[in-house]
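Shown here: work30.cif, mmCIF, all heavy atoms.
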data_input
loop_
_atom_site.label_atom_id
_atom_site.label_comp_id
_atom_site.auth_asym_id
_atom_site.auth_seq_id
_atom_site.Cartn_x
_atom_site.Cartn_y
_atom_site.Cartn_z
N MET A 178 116.59 -72.54 -103.14
CA MET A 178 116.95 -73.67 -103.97
C MET A 178 117.74 -74.64 -103.10
O MET A 178 118.56 -74.24 -102.31
CB MET A 178 117.78 -73.13 -105.14
CG MET A 178 118.20 -74.15 -106.10
SD MET A 178 119.05 -73.58 -107.61
CE MET A 178 118.93 -71.84 -107.65
N THR A 179 117.48 -75.91 -103.28
CA THR A 179 118.21 -76.89 -102.49
C THR A 179 119.66 -76.93 -102.94
O THR A 179 119.97 -76.60 -104.09
CB THR A 179 117.59 -78.30 -102.63
OG1 THR A 179 117.71 -78.72 -104.00
CG2 THR A 179 116.15 -78.31 -102.20
N ASP A 180 120.54 -77.35 -102.05
CA ASP A 180 121.97 -77.38 -102.39
C ASP A 180 122.26 -78.28 -103.58
O ASP A 180 123.01 -77.91 -104.47
CB ASP A 180 122.78 -77.83 -101.17
CG ASP A 180 122.82 -76.77 -100.09
OD1 ASP A 180 122.64 -75.58 -100.42
OD2 ASP A 180 123.04 -77.13 -98.93
N ALA A 181 121.66 -79.48 -103.61
CA ALA A 181 121.91 -80.42 -104.70
C ALA A 181 121.42 -79.85 -106.03
O ALA A 181 122.08 -80.00 -107.07
CB ALA A 181 121.24 -81.76 -104.42
N PHE A 182 120.27 -79.20 -106.01
CA PHE A 182 119.71 -78.60 -107.23
C PHE A 182 120.60 -77.47 -107.71
O PHE A 182 120.93 -77.39 -108.89
CB PHE A 182 118.29 -78.12 -106.96
CG PHE A 182 117.52 -77.77 -108.19
CD1 PHE A 182 117.11 -78.76 -109.07
CD2 PHE A 182 117.20 -76.47 -108.47
CE1 PHE A 182 116.40 -78.44 -110.22
CE2 PHE A 182 116.49 -76.13 -109.61
CZ PHE A 182 116.09 -77.13 -110.48
N ALA A 183 121.01 -76.62 -106.82
CA ALA A 183 121.89 -75.49 -107.16
C ALA A 183 123.23 -76.01 -107.70
O ALA A 183 123.75 -75.48 -108.69
CB ALA A 183 122.12 -74.61 -105.95
N GLU A 184 123.75 -77.05 -107.09
CA GLU A 184 125.01 -77.62 -107.55
C GLU A 184 124.87 -78.20 -108.96
O GLU A 184 125.77 -78.06 -109.78
CB GLU A 184 125.49 -78.70 -106.59
CG GLU A 184 125.97 -78.15 -105.27
CD GLU A 184 126.29 -79.23 -104.26
OE1 GLU A 184 126.36 -80.42 -104.64
OE2 GLU A 184 126.47 -78.89 -103.08
N SER A 185 123.74 -78.83 -109.25
CA SER A 185 123.50 -79.40 -110.57
C SER A 185 123.46 -78.31 -111.63
O SER A 185 124.02 -78.46 -112.73
CB SER A 185 122.18 -80.17 -110.61
OG SER A 185 122.24 -81.28 -109.75
N ILE A 186 122.81 -77.21 -111.32
CA ILE A 186 122.73 -76.10 -112.27
C ILE A 186 124.11 -75.47 -112.47
O ILE A 186 124.51 -75.20 -113.61
CB ILE A 186 121.70 -75.05 -111.80
CG1 ILE A 186 120.30 -75.67 -111.84
CG2 ILE A 186 121.77 -73.79 -112.64
CD1 ILE A 186 119.24 -74.84 -111.21
N ASP A 187 124.84 -75.28 -111.40
CA ASP A 187 126.19 -74.72 -111.51
C ASP A 187 127.10 -75.64 -112.32
O ASP A 187 127.90 -75.18 -113.14
CB ASP A 187 126.79 -74.48 -110.12
CG ASP A 187 126.12 -73.35 -109.38
OD1 ASP A 187 125.44 -72.52 -110.03
OD2 ASP A 187 126.27 -73.30 -108.14
N GLU A 188 126.99 -76.95 -112.10
CA GLU A 188 127.81 -77.93 -112.81
C GLU A 188 127.47 -77.93 -114.30
O GLU A 188 128.36 -77.99 -115.15
CB GLU A 188 127.60 -79.33 -112.23
CG GLU A 188 128.48 -80.39 -112.83
CD GLU A 188 129.93 -80.31 -112.40
OE1 GLU A 188 130.28 -79.43 -111.58
OE2 GLU A 188 130.74 -81.11 -112.89
N THR A 189 126.19 -77.82 -114.62
CA THR A 189 125.76 -77.77 -116.02
C THR A 189 126.37 -76.55 -116.71
O THR A 189 126.88 -76.65 -117.83
CB THR A 189 124.23 -77.72 -116.12
OG1 THR A 189 123.69 -78.90 -115.52
CG2 THR A 189 123.76 -77.62 -117.55
N LYS A 190 126.34 -75.41 -116.03
CA LYS A 190 126.92 -74.19 -116.59
C LYS A 190 128.43 -74.34 -116.77
O LYS A 190 128.99 -73.94 -117.80
CB LYS A 190 126.63 -73.00 -115.69
CG LYS A 190 127.17 -71.70 -116.22
CD LYS A 190 126.84 -70.54 -115.31
CE LYS A 190 127.45 -69.25 -115.82
NZ LYS A 190 127.22 -68.14 -114.92
N ARG A 191 129.09 -74.96 -115.79
CA ARG A 191 130.54 -75.13 -115.86
C ARG A 191 130.93 -76.04 -117.03
O ARG A 191 131.86 -75.75 -117.78
CB ARG A 191 131.07 -75.74 -114.56
CG ARG A 191 132.59 -75.82 -114.51
CD ARG A 191 133.08 -76.56 -113.29
NE ARG A 191 132.76 -77.97 -113.31
CZ ARG A 191 133.37 -78.90 -114.06
NH1 ARG A 191 134.33 -78.56 -114.87
NH2 ARG A 191 133.01 -80.16 -113.99
N ILE A 192 130.19 -77.13 -117.22
CA ILE A 192 130.51 -78.09 -118.27
C ILE A 192 130.21 -77.54 -119.66
O ILE A 192 131.01 -77.69 -120.58
CB ILE A 192 129.74 -79.41 -118.06
CG1 ILE A 192 130.26 -80.12 -116.81
CG2 ILE A 192 129.82 -80.32 -119.28
CD1 ILE A 192 129.42 -81.30 -116.37
N THR A 193 129.06 -76.90 -119.81
CA THR A 193 128.63 -76.45 -121.13
C THR A 193 129.12 -75.05 -121.49
O THR A 193 129.19 -74.69 -122.65
CB THR A 193 127.10 -76.44 -121.25
OG1 THR A 193 126.55 -75.49 -120.33
CG2 THR A 193 126.52 -77.81 -121.00
N GLY A 194 129.40 -74.25 -120.46
CA GLY A 194 129.79 -72.87 -120.70
C GLY A 194 128.60 -71.99 -121.06
O GLY A 194 128.77 -70.87 -121.53
N VAL A 195 127.39 -72.50 -120.84
CA VAL A 195 126.16 -71.78 -121.18
C VAL A 195 125.34 -71.56 -119.92
O VAL A 195 125.14 -72.49 -119.13
CB VAL A 195 125.33 -72.60 -122.21
CG1 VAL A 195 124.03 -71.89 -122.52
CG2 VAL A 195 126.13 -72.84 -123.47
N LYS A 196 124.86 -70.34 -119.74
CA LYS A 196 124.01 -70.04 -118.59
C LYS A 196 122.66 -70.75 -118.73
O LYS A 196 122.05 -70.73 -119.80
CB LYS A 196 123.77 -68.52 -118.51
CG LYS A 196 122.95 -68.11 -117.33
CD LYS A 196 122.79 -66.59 -117.29
CE LYS A 196 121.90 -66.19 -116.15
NZ LYS A 196 121.67 -64.75 -116.13
N VAL A 197 122.22 -71.41 -117.67
CA VAL A 197 120.94 -72.11 -117.68
C VAL A 197 119.82 -71.09 -117.61
O VAL A 197 119.74 -70.30 -116.67
CB VAL A 197 120.84 -73.11 -116.50
CG1 VAL A 197 119.50 -73.79 -116.48
CG2 VAL A 197 121.96 -74.14 -116.59
N ARG A 198 118.95 -71.08 -118.64
CA ARG A 198 117.84 -70.13 -118.67
C ARG A 198 116.51 -70.79 -118.41
O ARG A 198 115.59 -70.16 -117.92
CB ARG A 198 117.79 -69.42 -120.02
CG ARG A 198 119.01 -68.57 -120.27
CD ARG A 198 118.91 -67.79 -121.53
NE ARG A 198 118.48 -68.67 -122.64
CZ ARG A 198 118.22 -68.25 -123.86
NH1 ARG A 198 118.34 -66.98 -124.15
NH2 ARG A 198 117.86 -69.09 -124.79
N GLU A 199 116.38 -72.09 -118.76
CA GLU A 199 115.13 -72.80 -118.55
C GLU A 199 115.43 -74.19 -118.01
O GLU A 199 116.39 -74.83 -118.43
CB GLU A 199 114.34 -72.92 -119.86
CG GLU A 199 113.93 -71.57 -120.41
CD GLU A 199 113.01 -71.69 -121.60
OE1 GLU A 199 111.86 -72.10 -121.40
OE2 GLU A 199 113.46 -71.39 -122.71
N ILE A 200 114.59 -74.63 -117.06
CA ILE A 200 114.78 -75.92 -116.42
C ILE A 200 113.45 -76.66 -116.42
O ILE A 200 112.42 -76.09 -116.05
CB ILE A 200 115.23 -75.74 -114.95
CG1 ILE A 200 116.49 -74.88 -114.89
CG2 ILE A 200 115.43 -77.07 -114.27
CD1 ILE A 200 116.80 -74.35 -113.50
N ALA A 201 113.45 -77.92 -116.84
CA ALA A 201 112.25 -78.76 -116.80
C ALA A 201 112.40 -79.74 -115.64
O ALA A 201 113.42 -80.42 -115.52
CB ALA A 201 112.07 -79.51 -118.11
N VAL A 202 111.41 -79.77 -114.75
CA VAL A 202 111.46 -80.63 -113.57
C VAL A 202 110.16 -81.42 -113.47
O VAL A 202 109.15 -81.06 -114.06
CB VAL A 202 111.67 -79.82 -112.28
CG1 VAL A 202 113.01 -79.10 -112.30
CG2 VAL A 202 110.55 -78.82 -112.06
N ASP A 203 110.19 -82.51 -112.68
CA ASP A 203 108.96 -83.26 -112.47
C ASP A 203 108.17 -82.65 -111.32
O ASP A 203 108.60 -81.70 -110.67
CB ASP A 203 109.25 -84.74 -112.24
CG ASP A 203 110.08 -85.02 -110.99
OD1 ASP A 203 110.19 -84.12 -110.14
OD2 ASP A 203 110.60 -86.13 -110.87
N LYS A 204 106.99 -83.20 -111.06
CA LYS A 204 106.10 -82.62 -110.05
C LYS A 204 106.67 -82.71 -108.63
O LYS A 204 106.28 -81.94 -107.77
CB LYS A 204 104.74 -83.30 -110.11
CG LYS A 204 103.99 -82.94 -111.37
CD LYS A 204 102.64 -83.60 -111.41
CE LYS A 204 101.92 -83.24 -112.69
NZ LYS A 204 100.62 -83.88 -112.78
N ASP A 205 107.61 -83.62 -108.38
CA ASP A 205 108.22 -83.74 -107.06
C ASP A 205 109.03 -82.51 -106.69
O ASP A 205 109.29 -82.25 -105.53
CB ASP A 205 109.11 -84.98 -106.98
CG ASP A 205 108.32 -86.27 -107.00
OD1 ASP A 205 107.14 -86.24 -106.59
OD2 ASP A 205 108.88 -87.29 -107.43
N TYR A 206 109.45 -81.74 -107.69
CA TYR A 206 110.23 -80.53 -107.44
C TYR A 206 109.40 -79.46 -106.75
O TYR A 206 109.90 -78.66 -105.99
CB TYR A 206 110.78 -79.96 -108.76
CG TYR A 206 111.37 -78.58 -108.57
CD1 TYR A 206 112.64 -78.43 -108.05
CD2 TYR A 206 110.63 -77.44 -108.85
CE1 TYR A 206 113.17 -77.17 -107.83
CE2 TYR A 206 111.15 -76.18 -108.63
CZ TYR A 206 112.42 -76.06 -108.13
OH TYR A 206 112.92 -74.82 -107.91
N LYS A 207 108.12 -79.45 -107.02
CA LYS A 207 107.22 -78.40 -106.54
C LYS A 207 107.46 -78.07 -105.07
O LYS A 207 107.55 -78.96 -104.22
CB LYS A 207 105.77 -78.84 -106.73
CG LYS A 207 104.79 -77.71 -106.81
CD LYS A 207 103.43 -78.25 -107.22
CE LYS A 207 102.52 -77.12 -107.58
NZ LYS A 207 101.25 -77.59 -108.10
N GLY A 208 107.62 -76.80 -104.79
CA GLY A 208 107.81 -76.37 -103.41
C GLY A 208 109.26 -76.16 -103.00
O GLY A 208 109.54 -75.75 -101.89
N HIS A 209 110.20 -76.41 -103.90
CA HIS A 209 111.61 -76.22 -103.55
C HIS A 209 112.06 -74.78 -103.71
O HIS A 209 113.16 -74.43 -103.33
CB HIS A 209 112.51 -77.15 -104.38
CG HIS A 209 112.42 -78.58 -103.95
ND1 HIS A 209 113.30 -79.13 -103.07
CD2 HIS A 209 111.54 -79.55 -104.25
CE1 HIS A 209 112.98 -80.39 -102.86
NE2 HIS A 209 111.91 -80.67 -103.58
N ASN A 210 111.20 -73.96 -104.29
CA ASN A 210 111.44 -72.51 -104.40
C ASN A 210 112.79 -72.16 -105.00
O ASN A 210 113.64 -71.58 -104.37
CB ASN A 210 111.30 -71.84 -103.04
CG ASN A 210 109.91 -72.00 -102.49
OD1 ASN A 210 108.93 -72.00 -103.22
ND2 ASN A 210 109.81 -72.20 -101.19
N CYS A 211 112.96 -72.49 -106.25
CA CYS A 211 114.18 -72.14 -106.98
C CYS A 211 114.30 -70.63 -107.07
O CYS A 211 113.35 -69.94 -107.42
CB CYS A 211 114.14 -72.74 -108.38
SG CYS A 211 115.55 -72.30 -109.40
N GLU A 212 115.46 -70.11 -106.73
CA GLU A 212 115.71 -68.69 -106.85
C GLU A 212 116.81 -68.50 -107.88
O GLU A 212 117.78 -69.24 -107.91
CB GLU A 212 116.14 -68.11 -105.51
CG GLU A 212 115.05 -68.17 -104.47
CD GLU A 212 115.51 -67.61 -103.13
OE1 GLU A 212 116.63 -67.08 -103.05
OE2 GLU A 212 114.75 -67.73 -102.18
N GLY A 213 116.63 -67.52 -108.71
CA GLY A 213 117.64 -67.24 -109.72
C GLY A 213 116.96 -66.78 -110.99
O GLY A 213 115.74 -66.57 -111.03
N SER A 214 117.74 -66.66 -112.04
CA SER A 214 117.20 -66.11 -113.28
C SER A 214 116.59 -67.17 -114.19
O SER A 214 115.95 -66.83 -115.17
CB SER A 214 118.30 -65.37 -114.02
OG SER A 214 119.36 -66.26 -114.33
N ALA A 215 116.78 -68.46 -113.89
CA ALA A 215 116.25 -69.52 -114.75
C ALA A 215 114.75 -69.70 -114.54
O ALA A 215 114.25 -69.60 -113.43
CB ALA A 215 116.97 -70.83 -114.46
N LYS A 216 114.05 -69.95 -115.64
CA LYS A 216 112.61 -70.22 -115.60
C LYS A 216 112.43 -71.72 -115.36
O LYS A 216 113.01 -72.54 -116.07
CB LYS A 216 111.98 -69.81 -116.94
CG LYS A 216 110.56 -70.21 -117.12
CD LYS A 216 109.65 -69.26 -116.43
CE LYS A 216 108.21 -69.63 -116.80
NZ LYS A 216 107.27 -69.29 -115.80
N VAL A 217 111.67 -72.09 -114.34
CA VAL A 217 111.43 -73.49 -114.00
C VAL A 217 110.08 -73.92 -114.56
O VAL A 217 109.06 -73.30 -114.28
CB VAL A 217 111.48 -73.71 -112.47
CG1 VAL A 217 111.18 -75.17 -112.14
CG2 VAL A 217 112.82 -73.30 -111.92
N HIS A 218 110.09 -75.00 -115.36
CA HIS A 218 108.87 -75.56 -115.93
C HIS A 218 108.58 -76.87 -115.21
O HIS A 218 109.39 -77.80 -115.26
CB HIS A 218 109.04 -75.82 -117.42
CG HIS A 218 109.36 -74.58 -118.20
ND1 HIS A 218 108.38 -73.71 -118.62
CD2 HIS A 218 110.54 -74.08 -118.63
CE1 HIS A 218 108.96 -72.72 -119.29
NE2 HIS A 218 110.26 -72.91 -119.30
N VAL A 219 107.43 -76.97 -114.53
CA VAL A 219 107.04 -78.16 -113.80
C VAL A 219 106.22 -79.06 -114.72
O VAL A 219 105.29 -78.58 -115.40
CB VAL A 219 106.25 -77.81 -112.54
CG1 VAL A 219 105.83 -79.05 -111.79
CG2 VAL A 219 107.04 -76.87 -111.64
N ALA A 220 106.53 -80.36 -114.76
CA ALA A 220 105.81 -81.31 -115.61
C ALA A 220 104.32 -81.24 -115.32
O ALA A 220 103.89 -81.11 -114.17
CB ALA A 220 106.32 -82.73 -115.35
N GLY A 221 103.53 -81.27 -116.38
CA GLY A 221 102.09 -81.23 -116.23
C GLY A 221 101.54 -79.82 -116.26
O GLY A 221 100.33 -79.62 -116.25
N SER A 222 102.42 -78.83 -116.31
CA SER A 222 101.96 -77.45 -116.40
C SER A 222 102.12 -76.99 -117.85
O SER A 222 102.60 -77.70 -118.70
CB SER A 222 102.75 -76.54 -115.46
OG SER A 222 104.10 -76.50 -115.82
N SER A 223 101.71 -75.79 -118.14
CA SER A 223 101.78 -75.25 -119.50
C SER A 223 103.23 -75.06 -119.93
O SER A 223 104.06 -74.58 -119.17
CB SER A 223 101.06 -73.91 -119.55
OG SER A 223 101.22 -73.32 -120.82
N TYR A 224 103.54 -75.44 -121.16
CA TYR A 224 104.87 -75.26 -121.71
C TYR A 224 104.88 -74.21 -122.82
O TYR A 224 105.71 -74.24 -123.70
CB TYR A 224 105.41 -76.59 -122.25
CG TYR A 224 105.96 -77.46 -121.17
CD1 TYR A 224 105.16 -78.33 -120.46
CD2 TYR A 224 107.30 -77.38 -120.82
CE1 TYR A 224 105.66 -79.12 -119.46
CE2 TYR A 224 107.82 -78.17 -119.81
CZ TYR A 224 107.00 -79.04 -119.14
OH TYR A 224 107.50 -79.81 -118.14
N LYS A 225 103.96 -73.28 -122.78
CA LYS A 225 103.93 -72.22 -123.79
C LYS A 225 105.24 -71.45 -123.76
O LYS A 225 105.71 -71.05 -122.71
CB LYS A 225 102.77 -71.27 -123.53
CG LYS A 225 101.42 -71.88 -123.79
CD LYS A 225 100.32 -70.87 -123.54
CE LYS A 225 98.97 -71.52 -123.78
NZ LYS A 225 97.88 -70.59 -123.51
N GLY A 226 105.81 -71.28 -124.90
CA GLY A 226 107.03 -70.51 -125.00
C GLY A 226 108.31 -71.31 -124.78
O GLY A 226 109.39 -70.81 -124.99
N LEU A 227 108.19 -72.57 -124.39
CA LEU A 227 109.38 -73.40 -124.18
C LEU A 227 109.87 -73.88 -125.55
O LEU A 227 109.11 -74.47 -126.30
CB LEU A 227 109.05 -74.60 -123.30
CG LEU A 227 110.20 -75.55 -122.96
CD1 LEU A 227 111.26 -74.80 -122.16
CD2 LEU A 227 109.71 -76.74 -122.16
N THR A 228 111.10 -73.58 -125.87
CA THR A 228 111.65 -73.97 -127.17
C THR A 228 112.69 -75.06 -126.99
O THR A 228 113.19 -75.27 -125.89
CB THR A 228 112.29 -72.75 -127.87
OG1 THR A 228 113.32 -72.23 -127.03
CG2 THR A 228 111.25 -71.68 -128.14
N ARG A 229 113.00 -75.71 -128.08
CA ARG A 229 114.01 -76.78 -128.02
C ARG A 229 115.38 -76.22 -128.23
O ARG A 229 115.64 -75.29 -128.83
CB ARG A 229 113.73 -77.82 -129.10
CG ARG A 229 112.48 -78.55 -128.82
CD ARG A 229 112.24 -79.56 -129.91
NE ARG A 229 110.94 -80.12 -129.67
CZ ARG A 229 110.59 -81.33 -129.99
NH1 ARG A 229 111.44 -82.10 -130.59
NH2 ARG A 229 109.40 -81.79 -129.74
#

Represent the structure contained in this file as structure tokens.
Amino acid sequence: MTDAFAESIDETKRITGVKVREIAVDKDYKGHNCEGSAKVHVAGSSYKGLTR
């Protein structure tokens, strides 16, 4: 995971107090290889099971 991306996820968790479980990203994200427990949904791919 890129440093900026990891920092954004950590900051979101710190502000909200909620662990990030799902992340929606655009197609430019592809190839950044996010590591962790969060499920990454890339725009234009299937969103089955993604809830609001």

Just so the selection is clear, what residues does the PyMOL selection byres ((chain A and resi 219) around 5) cover here, as a PDB file with all heavy atoms, in the frame of the given file?
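Once everything was written out, this is selection18.pdb:
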ATOM      1  N   VAL A 202     111.410 -79.770-114.750  1.00  0.00           N
ATOM      2  CA  VAL A 202     111.460 -80.630-113.570  1.00  0.00           C
ATOM      3  C   VAL A 202     110.160 -81.420-113.470  1.00  0.00           C
ATOM      4  O   VAL A 202     109.150 -81.060-114.060  1.00  0.00           O
ATOM      5  CB  VAL A 202     111.670 -79.820-112.280  1.00  0.00           C
ATOM      6  CG1 VAL A 202     113.010 -79.100-112.300  1.00  0.00           C
ATOM      7  CG2 VAL A 202     110.550 -78.820-112.060  1.00  0.00           C
ATOM      8  N   ASP A 203     110.190 -82.510-112.680  1.00  0.00           N
ATOM      9  CA  ASP A 203     108.960 -83.260-112.470  1.00  0.00           C
ATOM     10  C   ASP A 203     108.170 -82.650-111.320  1.00  0.00           C
ATOM     11  O   ASP A 203     108.600 -81.700-110.670  1.00  0.00           O
ATOM     12  CB  ASP A 203     109.250 -84.740-112.240  1.00  0.00           C
ATOM     13  CG  ASP A 203     110.080 -85.020-110.990  1.00  0.00           C
ATOM     14  OD1 ASP A 203     110.190 -84.120-110.140  1.00  0.00           O
ATOM     15  OD2 ASP A 203     110.600 -86.130-110.870  1.00  0.00           O
ATOM     16  N   LYS A 204     106.990 -83.200-111.060  1.00  0.00           N
ATOM     17  CA  LYS A 204     106.100 -82.620-110.050  1.00  0.00           C
ATOM     18  C   LYS A 204     106.670 -82.710-108.630  1.00  0.00           C
ATOM     19  O   LYS A 204     106.280 -81.940-107.770  1.00  0.00           O
ATOM     20  CB  LYS A 204     104.740 -83.300-110.110  1.00  0.00           C
ATOM     21  CG  LYS A 204     103.990 -82.940-111.370  1.00  0.00           C
ATOM     22  CD  LYS A 204     102.640 -83.600-111.410  1.00  0.00           C
ATOM     23  CE  LYS A 204     101.920 -83.240-112.690  1.00  0.00           C
ATOM     24  NZ  LYS A 204     100.620 -83.880-112.780  1.00  0.00           N
ATOM     25  N   TYR A 206     109.450 -81.740-107.690  1.00  0.00           N
ATOM     26  CA  TYR A 206     110.230 -80.530-107.440  1.00  0.00           C
ATOM     27  C   TYR A 206     109.400 -79.460-106.750  1.00  0.00           C
ATOM     28  O   TYR A 206     109.900 -78.660-105.990  1.00  0.00           O
ATOM     29  CB  TYR A 206     110.780 -79.960-108.760  1.00  0.00           C
ATOM     30  CG  TYR A 206     111.370 -78.580-108.570  1.00  0.00           C
ATOM     31  CD1 TYR A 206     112.640 -78.430-108.050  1.00  0.00           C
ATOM     32  CD2 TYR A 206     110.630 -77.440-108.850  1.00  0.00           C
ATOM     33  CE1 TYR A 206     113.170 -77.170-107.830  1.00  0.00           C
ATOM     34  CE2 TYR A 206     111.150 -76.180-108.630  1.00  0.00           C
ATOM     35  CZ  TYR A 206     112.420 -76.060-108.130  1.00  0.00           C
ATOM     36  OH  TYR A 206     112.920 -74.820-107.910  1.00  0.00           O
ATOM     37  N   VAL A 217     111.670 -72.090-114.340  1.00  0.00           N
ATOM     38  CA  VAL A 217     111.430 -73.490-114.000  1.00  0.00           C
ATOM     39  C   VAL A 217     110.080 -73.920-114.560  1.00  0.00           C
ATOM     40  O   VAL A 217     109.060 -73.300-114.280  1.00  0.00           O
ATOM     41  CB  VAL A 217     111.480 -73.710-112.470  1.00  0.00           C
ATOM     42  CG1 VAL A 217     111.180 -75.170-112.140  1.00  0.00           C
ATOM     43  CG2 VAL A 217     112.820 -73.300-111.920  1.00  0.00           C
ATOM     44  N   HIS A 218     110.090 -75.000-115.360  1.00  0.00           N
ATOM     45  CA  HIS A 218     108.870 -75.560-115.930  1.00  0.00           C
ATOM     46  C   HIS A 218     108.580 -76.870-115.210  1.00  0.00           C
ATOM     47  O   HIS A 218     109.390 -77.800-115.260  1.00  0.00           O
ATOM     48  CB  HIS A 218     109.040 -75.820-117.420  1.00  0.00           C
ATOM     49  CG  HIS A 218     109.360 -74.580-118.200  1.00  0.00           C
ATOM     50  ND1 HIS A 218     108.380 -73.710-118.620  1.00  0.00           N
ATOM     51  CD2 HIS A 218     110.540 -74.080-118.630  1.00  0.00           C
ATOM     52  CE1 HIS A 218     108.960 -72.720-119.290  1.00  0.00           C
ATOM     53  NE2 HIS A 218     110.260 -72.910-119.300  1.00  0.00           N
ATOM     54  N   ALA A 220     106.530 -80.360-114.760  1.00  0.00           N
ATOM     55  CA  ALA A 220     105.810 -81.310-115.610  1.00  0.00           C
ATOM     56  C   ALA A 220     104.320 -81.240-115.320  1.00  0.00           C
ATOM     57  O   ALA A 220     103.890 -81.110-114.170  1.00  0.00           O
ATOM     58  CB  ALA A 220     106.320 -82.730-115.350  1.00  0.00           C
ATOM     59  N   GLY A 221     103.530 -81.270-116.380  1.00  0.00           N
ATOM     60  CA  GLY A 221     102.090 -81.230-116.230  1.00  0.00           C
ATOM     61  C   GLY A 221     101.540 -79.820-116.260  1.00  0.00           C
ATOM     62  O   GLY A 221     100.330 -79.620-116.250  1.00  0.00           O
ATOM     63  N   SER A 222     102.420 -78.830-116.310  1.00  0.00           N
ATOM     64  CA  SER A 222     101.960 -77.450-116.400  1.00  0.00           C
ATOM     65  C   SER A 222     102.120 -76.990-117.850  1.00  0.00           C
ATOM     66  O   SER A 222     102.600 -77.700-118.700  1.00  0.00           O
ATOM     67  CB  SER A 222     102.750 -76.540-115.460  1.00  0.00           C
ATOM     68  OG  SER A 222     104.100 -76.500-115.820  1.00  0.00           O
ATOM     69  N   TYR A 224     103.540 -75.440-121.160  1.00  0.00           N
ATOM     70  CA  TYR A 224     104.870 -75.260-121.710  1.00  0.00           C
ATOM     71  C   TYR A 224     104.880 -74.210-122.820  1.00  0.00           C
ATOM     72  O   TYR A 224     105.710 -74.240-123.700  1.00  0.00           O
ATOM     73  CB  TYR A 224     105.410 -76.590-122.250  1.00  0.00           C
ATOM     74  CG  TYR A 224     105.960 -77.460-121.170  1.00  0.00           C
ATOM     75  CD1 TYR A 224     105.160 -78.330-120.460  1.00  0.00           C
ATOM     76  CD2 TYR A 224     107.300 -77.380-120.820  1.00  0.00           C
ATOM     77  CE1 TYR A 224     105.660 -79.120-119.460  1.00  0.00           C
ATOM     78  CE2 TYR A 224     107.820 -78.170-119.810  1.00  0.00           C
ATOM     79  CZ  TYR A 224     107.000 -79.040-119.140  1.00  0.00           C
ATOM     80  OH  TYR A 224     107.500 -79.810-118.140  1.00  0.00           O
TER      81      TYR A 224
END

Take every atom of stretch 191-202 of chain A listed in the file, pad by 6 Å on each side, and give me the axis-aligned box centre and edge lengths in Å, one decimal, as JSON.
{"center_x": 121.7, "center_y": -73.1, "center_z": -118.4, "size_x": 37.2, "size_y": 28.7, "size_z": 24.7}

Next item on the list: Could you check how far atom CA of A:Ala183 sits from atom CG1 of A:Val197, in Å to one decimal?
Entry: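 A separation of 9.8 Å between them.
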
Item checked: Atom-to-atom span, atom CA of A:Ile200 and atom CB of A:Phe182, Å ->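 Atom CB of A:Phe182 lies 10.3 Å from atom CA of A:Ile200.
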
Next item on the list: Quote the spacing between atom CA of A:Arg191 and atom OE2 of A:Glu212 in Å to one decimal place.
Entry: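 For atom CA of A:Arg191 relative to atom OE2 of A:Glu212, the distance reads 22.2 Å.
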